[in-house]
>>> print(open('model-v1.pdb').read())   # PDB, C-alpha atoms
ATOM      1  CA  MET A  12      12.096  -7.900   6.133
ATOM      2  CA  ILE A  13      10.632  -4.406   5.671
ATOM      3  CA  ASP A  14      13.029  -2.130   3.790
ATOM      4  CA  VAL A  15      12.956   1.577   4.659
ATOM      5  CA  ILE A  16      14.522   4.807   3.406
ATOM      6  CA  VAL A  17      14.548   7.856   5.706
ATOM      7  CA  ALA A  18      14.280  11.262   3.987
ATOM      8  CA  ASP A  19      15.042  14.104   6.395
ATOM      9  CA  ASP A  20      17.090  17.229   5.759
ATOM     10  CA  HIS A  21      18.939  16.851   9.082
ATOM     11  CA  LYS A  22      21.510  14.052   8.883
ATOM     12  CA  LEU A  23      21.626  13.620  12.666
ATOM     13  CA  VAL A  24      17.839  13.289  12.839
ATOM     14  CA  ALA A  25      17.846  10.753  10.001
ATOM     15  CA  SER A  26      20.564   8.758  11.775
ATOM     16  CA  GLY A  27      18.623   8.793  15.040
ATOM     17  CA  ILE A  28      15.450   7.601  13.340
ATOM     18  CA  SER A  29      17.428   4.870  11.601
ATOM     19  CA  ARG A  30      18.829   3.607  14.904
ATOM     20  CA  LEU A  31      15.321   3.432  16.407
ATOM     21  CA  ILE A  32      14.007   1.485  13.424
ATOM     22  CA  ASP A  33      16.966  -0.893  13.230
ATOM     23  CA  ALA A  34      16.149  -2.042  16.761
ATOM     24  CA  ALA A  35      13.195  -3.957  15.269
ATOM     25  CA  ASP A  36      14.117  -7.413  13.990
ATOM     26  CA  ASP A  37      11.828  -7.200  10.949
ATOM     27  CA  ILE A  38      12.734  -3.675   9.727
ATOM     28  CA  ARG A  39      15.953  -2.380   8.216
ATOM     29  CA  VAL A  40      16.979   1.048   6.941
ATOM     30  CA  LEU A  41      18.584   0.806   3.512
ATOM     31  CA  ASP A  42      19.714   4.436   3.327
ATOM     32  CA  ASP A  43      18.830   8.029   4.152
ATOM     33  CA  ALA A  44      18.503  11.179   2.037
ATOM     34  CA  GLN A  45      18.679  14.885   2.839
ATOM     35  CA  THR A  46      16.866  16.282  -0.216
ATOM     36  CA  ILE A  47      13.829  15.322  -2.268
ATOM     37  CA  GLN A  48      15.957  14.763  -5.350
ATOM     38  CA  GLU A  49      18.309  12.455  -3.459
ATOM     39  CA  ALA A  50      15.348  10.608  -1.940
ATOM     40  CA  VAL A  51      13.701  10.132  -5.345
ATOM     41  CA  GLU A  52      16.942   8.746  -6.810
ATOM     42  CA  LYS A  53      17.459   6.324  -3.909
ATOM     43  CA  THR A  54      13.808   5.261  -3.944
ATOM     44  CA  SER A  55      14.107   4.520  -7.655
ATOM     45  CA  GLN A  56      17.306   2.502  -7.134
ATOM     46  CA  LEU A  57      16.467   0.614  -3.926
ATOM     47  CA  LYS A  58      12.657   0.254  -4.186
ATOM     48  CA  PRO A  59      12.006   0.227  -0.414
ATOM     49  CA  HIS A  60       8.721  -0.918   1.044
ATOM     50  CA  ILE A  61       8.483   2.305   3.083
ATOM     51  CA  LEU A  62       9.730   5.860   2.611
ATOM     52  CA  LEU A  63       9.720   7.980   5.773
ATOM     53  CA  LEU A  64       9.438  11.500   4.390
ATOM     54  CA  ASP A  65       9.617  14.894   6.103
ATOM     55  CA  VAL A  66       7.453  17.758   4.849
ATOM     56  CA  ALA A  67       9.972  20.605   4.901
ATOM     57  CA  MET A  68      12.894  19.645   2.685
ATOM     58  CA  PRO A  69      15.597  21.999   1.345
ATOM     59  CA  ASP A  70      14.504  21.609  -2.272
ATOM     60  CA  GLY A  71      10.733  21.527  -1.851
ATOM     61  CA  ASP A  72       7.660  20.279  -0.046
ATOM     62  CA  GLY A  73       7.639  16.564   0.716
ATOM     63  CA  ILE A  74       3.876  16.216   0.283
ATOM     64  CA  ASP A  75       3.928  17.974  -3.081
ATOM     65  CA  ALA A  76       6.709  15.574  -4.151
ATOM     66  CA  ILE A  77       4.707  12.389  -3.460
ATOM     67  CA  PRO A  78       3.884  11.858  -7.180
ATOM     68  CA  GLN A  79       7.635  11.776  -7.917
ATOM     69  CA  PHE A  80       8.107   8.928  -5.436
ATOM     70  CA  VAL A  81       5.107   7.021  -6.802
ATOM     71  CA  LYS A  82       6.646   7.269 -10.256
ATOM     72  CA  ALA A  83      10.045   6.184  -8.935
ATOM     73  CA  SER A  84       8.720   3.061  -7.205
ATOM     74  CA  LYS A  85       5.172   1.781  -7.324
ATOM     75  CA  ARG A  86       5.776  -0.661  -4.471
ATOM     76  CA  THR A  87       6.926   2.064  -2.041
ATOM     77  CA  ASN A  88       4.404   3.371   0.485
ATOM     78  CA  ILE A  89       4.986   6.809   1.975
ATOM     79  CA  ILE A  90       4.724   7.753   5.628
ATOM     80  CA  ILE A  91       5.038  11.445   6.426
ATOM     81  CA  LEU A  92       7.287  11.783   9.498
ATOM     82  CA  THR A  93       7.349  15.403  10.594
ATOM     83  CA  THR A  94       6.951  17.992  13.340
ATOM     84  CA  TYR A  95       3.940  19.612  11.614
ATOM     85  CA  ALA A  96       1.079  18.959  14.039
ATOM     86  CA  GLU A  97      -1.552  20.713  11.945
ATOM     87  CA  ALA A  98      -4.813  19.125  10.800
ATOM     88  CA  ALA A  99      -4.694  20.921   7.448
ATOM     89  CA  VAL A 100      -1.237  19.498   6.696
ATOM     90  CA  ILE A 101      -2.334  15.993   7.694
ATOM     91  CA  ARG A 102      -5.371  16.291   5.435
ATOM     92  CA  ARG A 103      -3.196  17.474   2.544
ATOM     93  CA  ALA A 104      -0.884  14.494   3.053
ATOM     94  CA  MET A 105      -3.852  12.090   3.038
ATOM     95  CA  GLU A 106      -5.240  13.620  -0.137
ATOM     96  CA  GLY A 107      -1.768  13.722  -1.682
ATOM     97  CA  GLY A 108      -1.261   9.967  -1.486
ATOM     98  CA  ALA A 109       0.528   9.316   1.806
ATOM     99  CA  SER A 110      -0.270   6.042   3.549
ATOM    100  CA  GLY A 111       0.630   7.314   6.992
ATOM    101  CA  TYR A 112       1.295  10.403   9.091
ATOM    102  CA  ILE A 113       3.503  10.224  12.179
ATOM    103  CA  LEU A 114       4.741  13.091  14.309
ATOM    104  CA  LYS A 115       8.363  13.099  15.426
ATOM    105  CA  SER A 116       7.159  13.449  19.010
ATOM    106  CA  THR A 117       5.698   9.941  18.855
ATOM    107  CA  SER A 118       7.262   6.978  20.612
ATOM    108  CA  ALA A 119       9.621   4.532  18.947
ATOM    109  CA  GLU A 120       7.049   1.794  19.524
ATOM    110  CA  GLU A 121       4.338   3.715  17.676
ATOM    111  CA  LEU A 122       6.710   4.551  14.814
ATOM    112  CA  ILE A 123       7.637   0.891  14.383
ATOM    113  CA  MET A 124       3.978  -0.141  14.608
ATOM    114  CA  GLY A 125       3.125   2.422  11.913
ATOM    115  CA  ILE A 126       5.814   1.083   9.583
ATOM    116  CA  ARG A 127       4.518  -2.459  10.023
ATOM    117  CA  LYS A 128       0.898  -1.408   9.459
ATOM    118  CA  VAL A 129       1.643   0.515   6.258
ATOM    119  CA  ALA A 130       3.938  -2.236   4.961
ATOM    120  CA  SER A 131       1.044  -4.689   5.359
ATOM    121  CA  GLY A 132      -1.226  -2.485   3.266
ATOM    122  CA  ASP A 133      -3.014  -0.513   5.975
ATOM    123  CA  VAL A 134      -3.173   3.246   6.477
ATOM    124  CA  PHE A 135      -1.680   4.516   9.731
ATOM    125  CA  TYR A 136      -1.835   7.819  11.598
ATOM    126  CA  CYS A 137      -0.280   8.253  15.020
ATOM    127  CA  GLN A 138      -2.614   8.894  17.945
ATOM    128  CA  GLU A 139      -1.809  12.604  18.134
ATOM    129  CA  SER A 140      -2.488  13.181  14.432
ATOM    130  CA  GLN A 141      -5.769  11.248  14.724
ATOM    131  CA  GLY A 142      -6.785  13.557  17.550
ATOM    132  CA  LEU A 143      -5.953  16.602  15.448
ATOM    133  CA  MET A 144      -8.043  15.303  12.559
ATOM    134  CA  MET A 145     -11.037  14.665  14.825
ATOM    135  CA  GLY A 146     -11.153  18.368  15.599
ATOM    136  CA  TYR A 147     -10.431  19.510  12.032
ATOM    137  CA  GLY A 148     -12.488  22.531  11.028
ATOM    138  CA  GLU A 149     -13.797  23.096  14.542
ATOM    139  CA  SER A 150     -11.124  25.454  15.761
ATOM    140  CA  GLU A 151      -8.957  28.213  14.385
ATOM    141  CA  PRO A 152      -5.323  27.279  13.680
ATOM    142  CA  MET A 153      -2.846  28.558  16.240
ATOM    143  CA  LEU A 154      -0.926  31.428  14.659
ATOM    144  CA  THR A 155       1.665  33.573  16.388
ATOM    145  CA  VAL A 156       1.399  37.375  16.405
ATOM    146  CA  ARG A 157       4.175  37.573  13.799
ATOM    147  CA  GLU A 158       2.517  34.940  11.596
ATOM    148  CA  ARG A 159      -0.761  36.863  11.669
ATOM    149  CA  GLU A 160       1.068  40.082  10.852
ATOM    150  CA  ILE A 161       2.775  38.532   7.840
ATOM    151  CA  LEU A 162      -0.431  36.811   6.750
ATOM    152  CA  ARG A 163      -2.305  40.139   6.845
ATOM    153  CA  LEU A 164       0.349  41.758   4.634
ATOM    154  CA  ILE A 165       0.203  38.834   2.197
ATOM    155  CA  VAL A 166      -3.579  39.230   1.960
ATOM    156  CA  GLU A 167      -3.021  42.942   1.275
ATOM    157  CA  GLY A 168      -0.975  41.938  -1.759
ATOM    158  CA  LYS A 169       2.462  42.864  -0.452
ATOM    159  CA  THR A 170       5.476  41.059  -1.925
ATOM    160  CA  MET A 171       7.922  39.221   0.318
ATOM    161  CA  LYS A 172      10.472  42.019  -0.188
ATOM    162  CA  GLN A 173       7.900  44.648   0.791
ATOM    163  CA  ILE A 174       6.961  42.626   3.876
ATOM    164  CA  ALA A 175      10.624  42.209   4.813
ATOM    165  CA  ASP A 176      11.239  45.949   4.483
ATOM    166  CA  LYS A 177       8.112  46.906   6.430
ATOM    167  CA  LEU A 178       8.781  44.529   9.320
ATOM    168  CA  HIS A 179      12.580  44.974   9.247
ATOM    169  CA  LEU A 180      13.124  41.274   8.642
ATOM    170  CA  GLY A 181      15.402  39.426   6.264
ATOM    171  CA  PHE A 182      13.935  38.237   2.966
ATOM    172  CA  GLU A 183      14.729  34.587   3.824
ATOM    173  CA  THR A 184      13.010  34.983   7.195
ATOM    174  CA  VAL A 185       9.818  36.183   5.522
ATOM    175  CA  HIS A 186      10.120  33.384   2.964
ATOM    176  CA  SER A 187      10.338  30.837   5.811
ATOM    177  CA  TYR A 188       7.332  32.353   7.582
ATOM    178  CA  THR A 189       5.323  32.243   4.351
ATOM    179  CA  LYS A 190       6.237  28.623   3.734
ATOM    180  CA  TYR A 191       5.290  27.668   7.291
ATOM    181  CA  LEU A 192       1.965  29.521   6.989
ATOM    182  CA  ARG A 193       1.152  27.510   3.865
ATOM    183  CA  GLN A 194       1.981  24.319   5.753
ATOM    184  CA  LYS A 195      -0.173  25.275   8.730
ATOM    185  CA  LEU A 196      -3.156  26.175   6.605
ATOM    186  CA  GLY A 197      -2.747  23.350   4.094
ATOM    187  CA  CYS A 198      -2.188  25.643   1.105
ATOM    188  CA  ASN A 199      -0.047  24.927  -1.956
ATOM    189  CA  ASN A 200       0.459  28.508  -3.129
ATOM    190  CA  THR A 201      -0.002  32.162  -2.179
ATOM    191  CA  ALA A 202      -3.396  32.498  -3.885
ATOM    192  CA  SER A 203      -4.738  29.566  -1.872
ATOM    193  CA  LEU A 204      -3.212  31.064   1.285
ATOM    194  CA  VAL A 205      -4.987  34.385   0.710
ATOM    195  CA  ARG A 206      -8.307  32.684  -0.011
ATOM    196  CA  THR A 207      -8.060  30.489   3.086
ATOM    197  CA  ALA A 208      -7.115  33.436   5.312
ATOM    198  CA  ILE A 209     -10.150  35.385   4.141
ATOM    199  CA  GLU A 210     -12.597  32.457   4.266
ATOM    200  CA  ARG A 211     -11.519  31.492   7.791
ATOM    201  CA  HIS A 212     -11.386  35.114   9.010
ATOM    202  CA  LEU A 213      -7.758  34.851  10.069
ATOM    203  CA  VAL A 214      -6.973  38.478   9.231
TER     204      VAL A 214
END
>>> encode(input="model-v1.pdb", output="structure tokens")
Amino acid sequence: MIDVIVADDHKLVASGISRLIDAADDIRVLDDAQTIQEAVEKTSQLKPHILLLDVAMPDGDGIDAIPQFVKASKRTNIIILTTYAEAAVIRRAMEGGASGYILKSTSAEELIMGIRKVASGDVFYCQESQGLMMGYGESEPMLTVREREILRLIVEGKTMKQIADKLHLGFETVHSYTKYLRQKLGCNNTASLVRTAIERHLV
């Protein structure tokens, strides 16, 4: 039996994923968690074979937290299960120690197959994420007009408060945009975001 923990900040989403997985005779969900801290604690206690981990969690970045899960349970393999369909994010997950990357738009059959593959020691990436990685570096990331506007102001050295005031947006809104830009471009911090934006001529 393959034991799984689902870490997703939306309880309803976690419950839905759990129901899909429980339909397989050889896989069972031990528990779910809505924060990284909660997921680390439950991983340490339950030592699952697989942790399904979202990227955007309320208390941090799931990919950045991978070392915490490795420390909590050496037998647990991590599959990133997320909506982030960006090659740079997939690459960061691969380099960060994930054993799989599955988009939430995938089918239940592919999700279950991925869990089985990773549990057996293989690395697994859903078909859509494989396609994204094949074209990595060949095309410019898709940024909205607002994302480009905020990115340009970040490159200019503006603080989040200054950006919020200039664009008449809430501070938390700008913070969310900045976080999503880092995810899209595979950057861990603002300095890396600025460097990537300049190198890839995004502003």
>>> closest_atom_pairs(input="model-v1.pdb", of="region 100-199 of chain A", to="region 51-73 of chain A", cutoff="12 Å", atoms="all atoms listed in the file", output="JSON lines")
{"residue": "A:Val100", "atom": "CA", "partner": "A:Val66", "partner_atom": "CA", "distance": 9.1}
{"residue": "A:Ile101", "atom": "CA", "partner": "A:Val66", "partner_atom": "CA", "distance": 10.3}
{"residue": "A:Arg103", "atom": "CA", "partner": "A:Val66", "partner_atom": "CA", "distance": 10.9}
{"residue": "A:Ala104", "atom": "CA", "partner": "A:Gly73", "partner_atom": "CA", "distance": 9.1}
{"residue": "A:Gly107", "atom": "CA", "partner": "A:Gly73", "partner_atom": "CA", "distance": 10.1}
{"residue": "A:Gly108", "atom": "CA", "partner": "A:Gly73", "partner_atom": "CA", "distance": 11.3}
{"residue": "A:Ala109", "atom": "CA", "partner": "A:Leu64", "partner_atom": "CA", "distance": 9.5}
{"residue": "A:Ser110", "atom": "CA", "partner": "A:Ile61", "partner_atom": "CA", "distance": 9.5}
{"residue": "A:Gly111", "atom": "CA", "partner": "A:Leu63", "partner_atom": "CA", "distance": 9.2}
{"residue": "A:Tyr112", "atom": "CA", "partner": "A:Leu63", "partner_atom": "CA", "distance": 9.4}
{"residue": "A:Ile113", "atom": "CA", "partner": "A:Leu63", "partner_atom": "CA", "distance": 9.2}
{"residue": "A:Leu114", "atom": "CA", "partner": "A:Asp65", "partner_atom": "CA", "distance": 9.7}
{"residue": "A:Lys115", "atom": "CA", "partner": "A:Asp65", "partner_atom": "CA", "distance": 9.6}
{"residue": "A:Leu122", "atom": "CA", "partner": "A:Leu63", "partner_atom": "CA", "distance": 10.1}
{"residue": "A:Ile123", "atom": "CA", "partner": "A:Leu63", "partner_atom": "CA", "distance": 11.3}
{"residue": "A:Gly125", "atom": "CA", "partner": "A:Ile61", "partner_atom": "CA", "distance": 10.3}
{"residue": "A:Ile126", "atom": "CA", "partner": "A:Ile61", "partner_atom": "CA", "distance": 7.1}
{"residue": "A:Arg127", "atom": "CA", "partner": "A:Ile61", "partner_atom": "CA", "distance": 9.3}
{"residue": "A:Lys128", "atom": "CA", "partner": "A:Ile61", "partner_atom": "CA", "distance": 10.6}
{"residue": "A:Val129", "atom": "CA", "partner": "A:Ile61", "partner_atom": "CA", "distance": 7.8}
{"residue": "A:Ala130", "atom": "CA", "partner": "A:His60", "partner_atom": "CA", "distance": 6.3}
{"residue": "A:Ser131", "atom": "CA", "partner": "A:His60", "partner_atom": "CA", "distance": 9.6}
{"residue": "A:Gly132", "atom": "CA", "partner": "A:His60", "partner_atom": "CA", "distance": 10.3}
{"residue": "A:Ser187", "atom": "CA", "partner": "A:Ala67", "partner_atom": "CA", "distance": 10.3}
{"residue": "A:Lys190", "atom": "CA", "partner": "A:Ala67", "partner_atom": "CA", "distance": 8.9}
{"residue": "A:Tyr191", "atom": "CA", "partner": "A:Ala67", "partner_atom": "CA", "distance": 8.8}
{"residue": "A:Arg193", "atom": "CA", "partner": "A:Asp72", "partner_atom": "CA", "distance": 10.5}
{"residue": "A:Gln194", "atom": "CA", "partner": "A:Val66", "partner_atom": "CA", "distance": 8.6}
{"residue": "A:Lys195", "atom": "CA", "partner": "A:Val66", "partner_atom": "CA", "distance": 11.4}
{"residue": "A:Gly197", "atom": "CA", "partner": "A:Asp72", "partner_atom": "CA", "distance": 11.6}
{"residue": "A:Cys198", "atom": "CA", "partner": "A:Asp72", "partner_atom": "CA", "distance": 11.3}
{"residue": "A:Asn199", "atom": "CA", "partner": "A:Asp72", "partner_atom": "CA", "distance": 9.2}
>>> write_last_selection(input="model-v1.pdb", atoms="C-alpha atoms", output="short mmCIF file (atom, residue, chain, number, x, y, z; two decimals), in the coordinates of the input")
data_model
loop_
_atom_site.label_atom_id
_atom_site.label_comp_id
_atom_site.auth_asym_id
_atom_site.auth_seq_id
_atom_site.Cartn_x
_atom_site.Cartn_y
_atom_site.Cartn_z
CA VAL A 100 -1.24 19.50 6.70
CA ILE A 101 -2.33 15.99 7.69
CA ARG A 103 -3.20 17.47 2.54
CA ALA A 104 -0.88 14.49 3.05
CA GLY A 107 -1.77 13.72 -1.68
CA GLY A 108 -1.26 9.97 -1.49
CA ALA A 109 0.53 9.32 1.81
CA SER A 110 -0.27 6.04 3.55
CA GLY A 111 0.63 7.31 6.99
CA TYR A 112 1.30 10.40 9.09
CA ILE A 113 3.50 10.22 12.18
CA LEU A 114 4.74 13.09 14.31
CA LYS A 115 8.36 13.10 15.43
CA LEU A 122 6.71 4.55 14.81
CA ILE A 123 7.64 0.89 14.38
CA GLY A 125 3.12 2.42 11.91
CA ILE A 126 5.81 1.08 9.58
CA ARG A 127 4.52 -2.46 10.02
CA LYS A 128 0.90 -1.41 9.46
CA VAL A 129 1.64 0.52 6.26
CA ALA A 130 3.94 -2.24 4.96
CA SER A 131 1.04 -4.69 5.36
CA GLY A 132 -1.23 -2.48 3.27
CA SER A 187 10.34 30.84 5.81
CA LYS A 190 6.24 28.62 3.73
CA TYR A 191 5.29 27.67 7.29
CA ARG A 193 1.15 27.51 3.86
CA GLN A 194 1.98 24.32 5.75
CA LYS A 195 -0.17 25.28 8.73
CA GLY A 197 -2.75 23.35 4.09
CA CYS A 198 -2.19 25.64 1.10
CA ASN A 199 -0.05 24.93 -1.96
#
>>> resolve_selection(input="model-v1.pdb", expression="the PyMOL selection byres ((chain A and resi 19) around 6)", output="list in words")
Ala18, Asp20, His21, Ala25, Gln45 and Asp65 of chain A
>>> resolve_selection(input="model-v1.pdb", expression="the PyMOL selection byres ((chain A and resi 43) around 9)", output="PyMOL selection string")
chain A and resi 15-19+22+25-26+29+40-42+44-45+49-50+53
>>> residues_around(input="model-v1.pdb", residues="Arg159 (chain A)", least_positions_apart="3", cutoff="10 Å", atoms="all atoms listed in the file", output="list in words")
Met153, Leu154, Thr155, Val156, Leu162, Arg163, Leu164, Ile165, Leu192, Ala208, Leu213 and Val214 of chain A
>>> atom_distance(input="model-v1.pdb", atom1="CA of Gln138 (chain A)", atom2="CA of Thr117 (chain A)")
8.4 Å
